[in-house]
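*Asks:* Please find one structure pasted underneath; my questions will follow.
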Amino acid sequence: MRFSRLPLLWRVFSINAVLLVVATLLILLARGRAFLEGADVVIALVLMLTANLVLLRQTLRPIERLADRMRVVDLLRPGQRLAERGSVEVVALVRVFNQMLGRLETERRESGQRALRAQESERARIARGLHDEVGQVLTGVLLQLDSLAGTADKRAVDETKHAVRGALEEVRRISQELRPELLEHLGLVSALTELSRTFSTQSGINVDRRLATKLPALSDEAELAVYRVAQESLTNVARHAQASHVDLTLEPGAGSVILRVIDDGRGLSENVASNGHGGLRGMRERALLVGGALAVKRGSAGGVEVRLEVPAGDG
């Protein structure tokens with residue numbers, strides 16, 4: 001049996017046993033001689049301790065490498081597995097760790113899907129409340145103002161009506177952001193078209209759209225993930241990028257649909273790109289929950305490119 005295949009206990013025992021045997025033989029051979037006295041004893045001890053340290057470090061190094069890899073595993077990047085090689089103990093540890101990663105990824109995906117469904121349900125509830133209750137109240141106020149037009153100060157009435165209309169538009173905008181009705185009724189392309197048009201109008205940033213009309217079928221969850229990632233990406237551009245132009249593309253891939261949002265802004269710092277703030281982590285989680293892949297990198301024009309690929313299928 002190869003030495004590296006021995007259990008860790010027996011390998012450590014063997015290393016120390018060999019060193020002790022060598023030290024004992026040296027003492028026996030040098031018994032009665034003067035050269036094994038004083039400083040020579042200290043030197044021999046130092047040499048044995050050094051040899052022991054070097055041999056043990058070589059033996060334990062695979063475990064240290066395993067610990068280092070464990071520290072950097074990210075559940076938002078699924079599929080990371082460690083190679084099962086090394087000693088018996090290391091192989092067993094790696095196998096158990098890989099199995100644990102699989103369980104954690106499955107549990108995180110399922111719990112995340114439940115959380116997102118609950119979040120979207122709450123968004124829909126709030127959106128309906130804004131539309132049905134607040135919107136109706138504001139519409140009623142407008143009708144009352146119209147009835148007062150002949151009996152009150154016309155200028156004051158017009159100013160009030162203008163303010164109410166502004167509030168009504170804001171309620172409709174918030175309701176649309178919370179619950180993309182166009183996505184439900186007209187599909188992903190129409191929803192992204194309206195999203196980018198509204199973004200351009202409000203931010204003053206030009207958006208160049210290239211949205212393919214013939215796309216593989218996506219599940220409702222995947223379509224919603226694509227829409228939310230596009231929405232968050234455009235929001236980040238408006239808040240942080242200081243950009244003047246955005247390219248928004250949606251195209252078919254190899255059994256998938258690919259979304260790209262590319263701006264010409266100031267880009268992301270390495271720390272934000274690698275670790276991600278709340279928005280980026282949210283996009284990664286959405287991609288993960290529908291089996292997709294999200295990449296955030298420096299764009300060709302110096303800004304940021306967000307690329308999302310989600311698998312096709314209407315399951």
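Identifiers for the structure tokens are assigned positionally: chains receive A, B, ... in sequence, residues are indexed from 1 per chain, and ligands are indexed from 1 in the order shown.
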So that I can see what lies close to region 191-196 of chain A, please list as a ChimeraX atom specification the residues with an atom at most 7 Å from it, counting only C-alpha atoms and leaving out residues fewer than 6 positions away in the same chain.
*Replies:* /A:182-183,207,227
*Asks:* Kindly give the distance, in Å, that separates CA of Glu232 (chain A) and CA of Gly282 (chain A), rounded to a single decimal.
*Replies:*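 Computing the Euclidean distance for CA of Glu232 (chain A) and CA of Gly282 (chain A) yields 8.9 Å.
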*Asks:* Just the residues within 12 Å of His245 (chain A), please, counting only C-alpha atoms, with nothing from its chain fewer than 5 positions along; format it as a PDB file with N, CA, C and O atoms, in the first residue's frame.
*Replies:*
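In the end it all went to part-v3.pdb:
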ATOM      1  N   SER A 196     -37.902  50.047 -20.844  1.00  0.00           N
ATOM      2  CA  SER A 196     -36.788  50.861 -21.336  1.00  0.00           C
ATOM      3  C   SER A 196     -37.257  52.233 -21.785  1.00  0.00           C
ATOM      4  O   SER A 196     -36.556  53.234 -21.604  1.00  0.00           O
ATOM      5  N   PHE A 199     -37.803  54.225 -18.628  1.00  0.00           N
ATOM      6  CA  PHE A 199     -36.486  54.551 -18.072  1.00  0.00           C
ATOM      7  C   PHE A 199     -35.836  55.699 -18.831  1.00  0.00           C
ATOM      8  O   PHE A 199     -35.296  56.645 -18.225  1.00  0.00           O
ATOM      9  N   SER A 200     -35.881  55.656 -20.151  1.00  0.00           N
ATOM     10  CA  SER A 200     -35.259  56.708 -20.957  1.00  0.00           C
ATOM     11  C   SER A 200     -35.935  58.059 -20.737  1.00  0.00           C
ATOM     12  O   SER A 200     -35.277  59.093 -20.634  1.00  0.00           O
ATOM     13  N   SER A 203     -34.975  59.233 -17.000  1.00  0.00           N
ATOM     14  CA  SER A 203     -33.551  59.464 -16.713  1.00  0.00           C
ATOM     15  C   SER A 203     -32.853  60.340 -17.740  1.00  0.00           C
ATOM     16  O   SER A 203     -31.796  60.911 -17.461  1.00  0.00           O
ATOM     17  N   GLY A 204     -33.432  60.447 -18.944  1.00  0.00           N
ATOM     18  CA  GLY A 204     -32.764  61.192 -20.005  1.00  0.00           C
ATOM     19  C   GLY A 204     -31.630  60.421 -20.656  1.00  0.00           C
ATOM     20  O   GLY A 204     -30.876  60.982 -21.470  1.00  0.00           O
ATOM     21  N   ILE A 205     -31.485  59.148 -20.350  1.00  0.00           N
ATOM     22  CA  ILE A 205     -30.424  58.311 -20.919  1.00  0.00           C
ATOM     23  C   ILE A 205     -30.980  57.573 -22.129  1.00  0.00           C
ATOM     24  O   ILE A 205     -32.024  56.929 -22.053  1.00  0.00           O
ATOM     25  N   ASN A 206     -30.275  57.660 -23.231  1.00  0.00           N
ATOM     26  CA  ASN A 206     -30.721  57.011 -24.459  1.00  0.00           C
ATOM     27  C   ASN A 206     -30.580  55.486 -24.342  1.00  0.00           C
ATOM     28  O   ASN A 206     -29.558  54.988 -23.871  1.00  0.00           O
ATOM     29  N   VAL A 207     -31.609  54.763 -24.781  1.00  0.00           N
ATOM     30  CA  VAL A 207     -31.600  53.310 -24.747  1.00  0.00           C
ATOM     31  C   VAL A 207     -31.754  52.779 -26.165  1.00  0.00           C
ATOM     32  O   VAL A 207     -32.728  53.111 -26.859  1.00  0.00           O
ATOM     33  N   ASP A 208     -30.787  51.961 -26.586  1.00  0.00           N
ATOM     34  CA  ASP A 208     -30.848  51.310 -27.893  1.00  0.00           C
ATOM     35  C   ASP A 208     -31.343  49.882 -27.672  1.00  0.00           C
ATOM     36  O   ASP A 208     -30.648  49.055 -27.077  1.00  0.00           O
ATOM     37  N   ARG A 209     -32.558  49.589 -28.139  1.00  0.00           N
ATOM     38  CA  ARG A 209     -33.167  48.276 -27.914  1.00  0.00           C
ATOM     39  C   ARG A 209     -32.978  47.371 -29.126  1.00  0.00           C
ATOM     40  O   ARG A 209     -33.210  47.787 -30.271  1.00  0.00           O
ATOM     41  N   LEU A 234     -31.132  48.622 -15.097  1.00  0.00           N
ATOM     42  CA  LEU A 234     -31.406  49.996 -15.518  1.00  0.00           C
ATOM     43  C   LEU A 234     -31.451  50.937 -14.316  1.00  0.00           C
ATOM     44  O   LEU A 234     -30.994  52.086 -14.395  1.00  0.00           O
ATOM     45  N   VAL A 237     -27.941  51.733 -13.429  1.00  0.00           N
ATOM     46  CA  VAL A 237     -27.381  52.693 -14.388  1.00  0.00           C
ATOM     47  C   VAL A 237     -27.795  54.111 -14.024  1.00  0.00           C
ATOM     48  O   VAL A 237     -26.975  55.037 -14.000  1.00  0.00           O
ATOM     49  N   ALA A 238     -29.079  54.295 -13.742  1.00  0.00           N
ATOM     50  CA  ALA A 238     -29.578  55.628 -13.406  1.00  0.00           C
ATOM     51  C   ALA A 238     -28.967  56.157 -12.115  1.00  0.00           C
ATOM     52  O   ALA A 238     -28.668  57.351 -12.002  1.00  0.00           O
ATOM     53  N   VAL A 261     -27.495  44.016 -20.756  1.00  0.00           N
ATOM     54  CA  VAL A 261     -27.678  45.443 -20.481  1.00  0.00           C
ATOM     55  C   VAL A 261     -26.286  46.033 -20.365  1.00  0.00           C
ATOM     56  O   VAL A 261     -25.546  45.718 -19.428  1.00  0.00           O
ATOM     57  N   ILE A 262     -25.915  46.905 -21.316  1.00  0.00           N
ATOM     58  CA  ILE A 262     -24.553  47.446 -21.394  1.00  0.00           C
ATOM     59  C   ILE A 262     -24.624  48.966 -21.382  1.00  0.00           C
ATOM     60  O   ILE A 262     -25.345  49.566 -22.196  1.00  0.00           O
ATOM     61  N   ASP A 263     -23.903  49.591 -20.467  1.00  0.00           N
ATOM     62  CA  ASP A 263     -23.882  51.052 -20.403  1.00  0.00           C
ATOM     63  C   ASP A 263     -22.476  51.564 -20.697  1.00  0.00           C
ATOM     64  O   ASP A 263     -21.508  50.797 -20.724  1.00  0.00           O
ATOM     65  N   ASP A 264     -22.367  52.867 -20.924  1.00  0.00           N
ATOM     66  CA  ASP A 264     -21.063  53.491 -21.198  1.00  0.00           C
ATOM     67  C   ASP A 264     -20.622  54.374 -20.038  1.00  0.00           C
ATOM     68  O   ASP A 264     -19.939  55.373 -20.230  1.00  0.00           O
ATOM     69  N   GLY A 265     -21.024  53.993 -18.826  1.00  0.00           N
ATOM     70  CA  GLY A 265     -20.729  54.810 -17.653  1.00  0.00           C
ATOM     71  C   GLY A 265     -19.346  54.578 -17.081  1.00  0.00           C
ATOM     72  O   GLY A 265     -18.432  54.113 -17.764  1.00  0.00           O
ATOM     73  N   ARG A 266     -19.210  54.850 -15.795  1.00  0.00           N
ATOM     74  CA  ARG A 266     -17.901  54.817 -15.150  1.00  0.00           C
ATOM     75  C   ARG A 266     -17.477  53.434 -14.705  1.00  0.00           C
ATOM     76  O   ARG A 266     -16.349  53.238 -14.251  1.00  0.00           O
ATOM     77  N   ALA A 301     -17.286  49.506 -23.861  1.00  0.00           N
ATOM     78  CA  ALA A 301     -17.198  50.969 -23.891  1.00  0.00           C
ATOM     79  C   ALA A 301     -16.728  51.540 -22.553  1.00  0.00           C
ATOM     80  O   ALA A 301     -16.739  52.753 -22.360  1.00  0.00           O
ATOM     81  N   GLY A 302     -16.289  50.678 -21.645  1.00  0.00           N
ATOM     82  CA  GLY A 302     -15.761  51.147 -20.367  1.00  0.00           C
ATOM     83  C   GLY A 302     -16.765  51.141 -19.242  1.00  0.00           C
ATOM     84  O   GLY A 302     -16.400  51.392 -18.095  1.00  0.00           O
ATOM     85  N   GLY A 303     -18.033  50.857 -19.538  1.00  0.00           N
ATOM     86  CA  GLY A 303     -19.039  50.819 -18.492  1.00  0.00           C
ATOM     87  C   GLY A 303     -19.188  49.426 -17.915  1.00  0.00           C
ATOM     88  O   GLY A 303     -18.213  48.731 -17.648  1.00  0.00           O
ATOM     89  N   VAL A 304     -20.438  48.999 -17.751  1.00  0.00           N
ATOM     90  CA  VAL A 304     -20.731  47.693 -17.157  1.00  0.00           C
ATOM     91  C   VAL A 304     -21.618  46.913 -18.108  1.00  0.00           C
ATOM     92  O   VAL A 304     -22.540  47.464 -18.707  1.00  0.00           O
TER      93      VAL A 304
END
*Asks:* With only C-alpha atoms as the counted atoms, please give the residues lying no more than 7 Å from Leu211 (chain A), apart from itself and same-chain residues fewer than 2 positions off, as JSON, numbers by chain.
*Replies:* {"A": [189, 209, 213, 249, 250, 251]}
*Asks:* For Ala225 (chain A), list every protein, DNA or RNA residue within 8 Å, evaluated using only C-alpha atoms, and leave out those in the same chain fewer than 2 positions away; present the list as a list of chain:residue names.
*Replies:*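 Contacts, with the query itself left out: A:Glu221, A:Ala222, A:Glu223, A:Tyr227, A:Arg228, A:Val229, A:Arg286, A:Ala287, A:Val290.
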*Asks:* Point out the residue among A:Val306, A:Leu168, A:Ala83, A:Leu186 with the least atom-to-atom distance to Asn236 (chain A), counting only C-alpha atoms.
*Replies:* A:Val306
*Asks:* Need to verify the contact set: region 92-103 of chain A, 8 Å, only C-alpha atoms, exclusion of same-chain residues closer than 5 positions in sequence. Can you return it as a PyMOL selection string?
*Replies:* chain A and resi 66+75+81-84
*Asks:* So which bits of region 159-313 of chain A end up alpha helix (DSSP H) when you DSSP the backbone, as a PyMOL selection string?
*Replies:* chain A and resi 159-178+181-185+188-203+220-236+270-275+278-289
*Asks:* Which value, in Å to one decimal, gives the distance between CA of Val257 (chain A) and CA of Ser233 (chain A)?
*Replies:*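 Between these atoms lies a distance of 16.9 Å.
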